[in-house]
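Engineer: If it helps, the file is called start_22.cif and holds mmCIF, C-alpha atoms:
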data_upload
loop_
_atom_site.label_atom_id
_atom_site.label_comp_id
_atom_site.auth_asym_id
_atom_site.auth_seq_id
_atom_site.Cartn_x
_atom_site.Cartn_y
_atom_site.Cartn_z
CA MET A 1 2.86 17.29 -25.26
CA ASP A 2 -0.40 19.11 -24.48
CA ALA A 3 -1.59 18.67 -28.08
CA ILE A 4 -0.89 14.93 -27.90
CA LEU A 5 -2.67 14.65 -24.54
CA ASP A 6 -5.69 16.49 -25.95
CA GLU A 7 -5.92 13.81 -28.63
CA LEU A 8 -5.57 10.94 -26.14
CA ILE A 9 -8.19 12.43 -23.81
CA PRO A 10 -9.97 15.10 -25.85
CA PRO A 11 -12.27 17.77 -24.48
CA SER A 12 -15.99 17.09 -24.61
CA GLU A 13 -17.86 18.16 -27.73
CA ASP A 14 -19.60 20.97 -25.84
CA GLY A 15 -16.33 22.18 -24.29
CA ARG A 16 -17.54 21.72 -20.71
CA ILE A 17 -15.00 19.00 -19.90
CA PRO A 18 -11.39 19.93 -20.70
CA GLY A 19 -8.98 17.62 -22.46
CA ALA A 20 -5.91 16.22 -20.74
CA GLY A 21 -3.54 18.72 -22.34
CA ALA A 22 -5.61 21.76 -21.43
CA LEU A 23 -5.88 20.46 -17.88
CA GLY A 24 -2.08 20.25 -17.53
CA VAL A 25 -1.78 16.48 -17.13
CA ALA A 26 1.81 16.65 -18.46
CA GLU A 27 2.80 17.98 -15.03
CA PHE A 28 1.95 14.54 -13.61
CA PHE A 29 4.62 12.68 -15.63
CA PRO A 30 7.72 13.76 -13.67
CA THR A 31 6.07 12.51 -10.47
CA ALA A 32 4.94 9.17 -11.94
CA GLU A 33 8.03 7.07 -11.28
CA ALA A 34 6.04 4.88 -8.88
CA TYR A 35 3.75 3.90 -11.79
CA ALA A 36 6.25 3.45 -14.64
CA PRO A 37 9.98 2.68 -14.67
CA ASP A 38 10.93 5.68 -16.83
CA PRO A 39 7.97 8.00 -17.42
CA ILE A 40 10.09 10.85 -18.75
CA GLY A 41 11.90 8.49 -21.14
CA ALA A 42 8.56 7.29 -22.50
CA VAL A 43 7.38 10.87 -23.01
CA GLU A 44 10.62 11.81 -24.75
CA THR A 45 10.37 8.76 -27.02
CA ILE A 46 6.87 9.78 -28.10
CA LEU A 47 7.80 13.44 -28.57
CA ASN A 48 10.77 12.43 -30.73
CA ALA A 49 8.61 10.08 -32.81
CA VAL A 50 5.80 12.57 -33.52
CA SER A 51 6.09 14.61 -36.69
CA GLY A 52 7.26 18.20 -36.29
CA GLU A 53 4.10 19.20 -38.16
CA PHE A 54 1.81 17.66 -35.55
CA LEU A 55 0.39 20.93 -34.23
CA ALA A 56 -0.63 22.10 -37.70
CA LEU A 57 -2.35 18.84 -38.68
CA PRO A 58 -6.15 18.53 -38.77
CA ARG A 59 -7.61 16.28 -36.07
CA ASP A 60 -8.02 13.15 -38.24
CA GLU A 61 -4.38 13.38 -39.33
CA LYS A 62 -3.26 13.87 -35.73
CA VAL A 63 -5.07 10.65 -34.82
CA ALA A 64 -3.43 8.85 -37.76
CA GLU A 65 -0.02 10.19 -36.68
CA LEU A 66 -0.56 8.95 -33.14
CA LYS A 67 -1.58 5.52 -34.44
CA ARG A 68 1.67 5.43 -36.44
CA VAL A 69 3.66 6.38 -33.35
CA GLU A 70 1.82 3.77 -31.29
CA ALA A 71 2.76 1.07 -33.82
CA ALA A 72 6.39 2.20 -33.90
CA CYS A 73 6.87 2.84 -30.17
CA GLY A 74 4.40 0.46 -28.55
CA GLN A 75 5.83 0.22 -25.03
CA ALA A 76 6.49 3.95 -24.68
CA PHE A 77 3.06 4.77 -26.10
CA GLU A 78 1.38 2.33 -23.71
CA THR A 79 3.20 3.96 -20.80
CA LEU A 80 2.21 7.44 -21.96
CA LEU A 81 -1.42 6.44 -22.41
CA ARG A 82 -1.65 4.74 -19.01
CA LEU A 83 -0.03 7.70 -17.26
CA ALA A 84 -2.27 10.15 -19.13
CA TYR A 85 -5.35 8.35 -17.82
CA MET A 86 -3.90 8.14 -14.32
CA GLY A 87 -2.93 11.81 -14.32
CA TYR A 88 -6.29 12.92 -15.69
CA TYR A 89 -8.72 10.86 -13.64
CA SER A 90 -6.80 11.14 -10.37
CA ARG A 91 -7.21 14.92 -10.30
CA ALA A 92 -9.81 16.13 -7.81
CA ASP A 93 -10.94 18.81 -10.28
CA THR A 94 -12.00 16.24 -12.92
CA ARG A 95 -14.16 14.09 -10.65
CA PRO A 96 -17.21 16.39 -10.60
CA TYR A 97 -17.38 16.21 -14.42
CA PHE A 98 -18.09 12.49 -14.09
CA GLY A 99 -20.48 12.56 -11.15
CA VAL A 100 -17.91 11.71 -8.49
CA GLY A 101 -17.24 14.06 -5.60
CA ALA A 102 -14.04 16.11 -5.57
CA HIS A 103 -13.31 14.92 -2.02
CA PRO A 104 -11.12 11.86 -1.47
CA ILE A 105 -12.92 8.54 -1.78
CA HIS A 106 -12.00 7.65 1.81
CA PRO A 107 -12.99 8.22 4.55
CA THR A 108 -16.38 9.62 3.54
CA GLY A 109 -16.65 7.98 0.12
CA TYR A 110 -19.49 8.75 -2.26
CA PRO A 111 -22.95 7.27 -2.73
CA VAL A 112 -23.12 3.88 -4.44
CA GLU A 113 -26.50 2.49 -5.35
CA ARG A 114 -27.34 -0.95 -4.00
CA GLU A 115 -27.63 -3.76 -6.54
CA SER A 116 -31.12 -5.05 -7.15
CA ALA A 117 -32.13 -8.47 -5.84
CA ALA A 118 -32.49 -9.68 -9.44
CA LEU A 119 -28.94 -8.60 -10.31
CA MET A 120 -27.56 -10.22 -7.15
CA ASP A 121 -29.36 -13.46 -8.05
CA GLN A 122 -27.87 -13.32 -11.53
CA LEU A 123 -24.35 -12.61 -10.25
CA THR A 124 -24.41 -15.32 -7.60
CA ALA A 125 -26.19 -18.02 -9.67
CA PRO A 126 -22.92 -19.68 -10.87
CA VAL A 127 -21.65 -19.91 -7.28
CA ARG A 128 -24.89 -21.41 -6.01
CA ALA A 129 -25.01 -23.85 -8.95
CA ARG A 130 -21.51 -25.08 -8.11
CA GLY A 131 -22.73 -26.36 -4.76
CA LYS A 132 -20.87 -26.79 -1.52
CA ALA A 133 -17.14 -26.27 -1.94
CA TYR A 134 -16.05 -26.13 1.71
CA ARG A 135 -15.88 -28.27 4.83
CA ASP A 136 -18.23 -27.74 7.73
CA ALA A 137 -16.52 -26.40 10.84
CA LYS A 138 -16.50 -28.94 13.68
#
Turn the structure described in the file into structure tokens.
Structural biologist:
Amino acid sequence: MDAILDELIPPSEDGRIPGAGALGVAEFFPTAEAYAPDPIGAVETILNAVSGEFLALPRDEKVAELKRVEAACGQAFETLLRLAYMGYYSRADTRPYFGVGAHPIHPTGYPVERESAALMDQLTAPVRARGKAYRDAK
């Protein structure tokens, strides 16, 4: 499973950011029942569909193998992929790699730059162009 996860979310080219397999994201799957009806079943489906030679394959062939498995086991693969992303990016130890603090988002949050006046004008232009779409309070 770790080899598959490292293909879904690979390490950075310079090796500074670990892949999902190396980070141990597979440990998230048994606790993910709130996010998928049968996370373990989806993982087992993918593991059974992947070639026994997967570990020995070069990277481009691993990617091709995973594309084949995705086509054959679409729902299970979609579940695995979604849970891999959830398990990876929800870890406090991955957030600093992407410029987000390791602390919980609430209550202290993290700095968010304010939108420029020009961007706000652009974003709200369609609403202003639509005109009044409410009744005045009496």
Engineer: As a list in words, please: the residues near range 49-51 of chain A (cut-off 10 Å, all atoms listed in the file, same-chain neighbours under 4 positions excluded).
Structural biologist: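 Contacts, in chain order: Met1, Ile4, Val43, Glu44, Thr45, Leu55, Leu57, Lys62, Glu65, Leu66, Arg68, Val69, Glu70, Ala72 and Cys73 of chain A.
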Engineer: Taking into account only C-alpha atoms, which residue in the set A:Ala71, A:Leu5, A:Ala92, A:Ala32 is nearest to Gly19 in chain A?
Structural biologist: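 Checking each of A:Ala71, A:Leu5, A:Ala92, A:Ala32 against Gly19 in chain A, counting only C-alpha atoms, the winner is A:Leu5.
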Engineer: Counting only C-alpha atoms, which residue out of A:Pro58, A:Ile46, A:Arg130, A:Phe29 sits closest to Phe77 in chain A?
Structural biologist: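 Under the stated criterion, the closest residue is A:Ile46.
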Engineer: Separation of CA of Pro11 in chain A and CA of Glu61 in chain A, in Å?
Structural biologist: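 Calculated distance between CA of Pro11 in chain A and CA of Glu61 in chain A is 17.4 Å.
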Engineer: Any idea what the distance is between CA of Pro37 in chain A and CA of Tyr85 in chain A?
Structural biologist: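 Rounded to one decimal, the two atoms are 16.6 Å apart.
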Engineer: Between CA of Thr124 in chain A and CA of Val112 in chain A, what is the spacing in Å?
Structural biologist: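 Spanning CA of Val112 in chain A to CA of Thr124 in chain A is a straight-line distance of 19.5 Å.
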Engineer: Taking into account only C-alpha atoms, which residue in the set A:Asp93, A:Ala76, A:Arg114, A:Val100 is nearest to Asn48 in chain A?
Structural biologist: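 Smallest separation from Asn48 in chain A among the options: A:Ala76.
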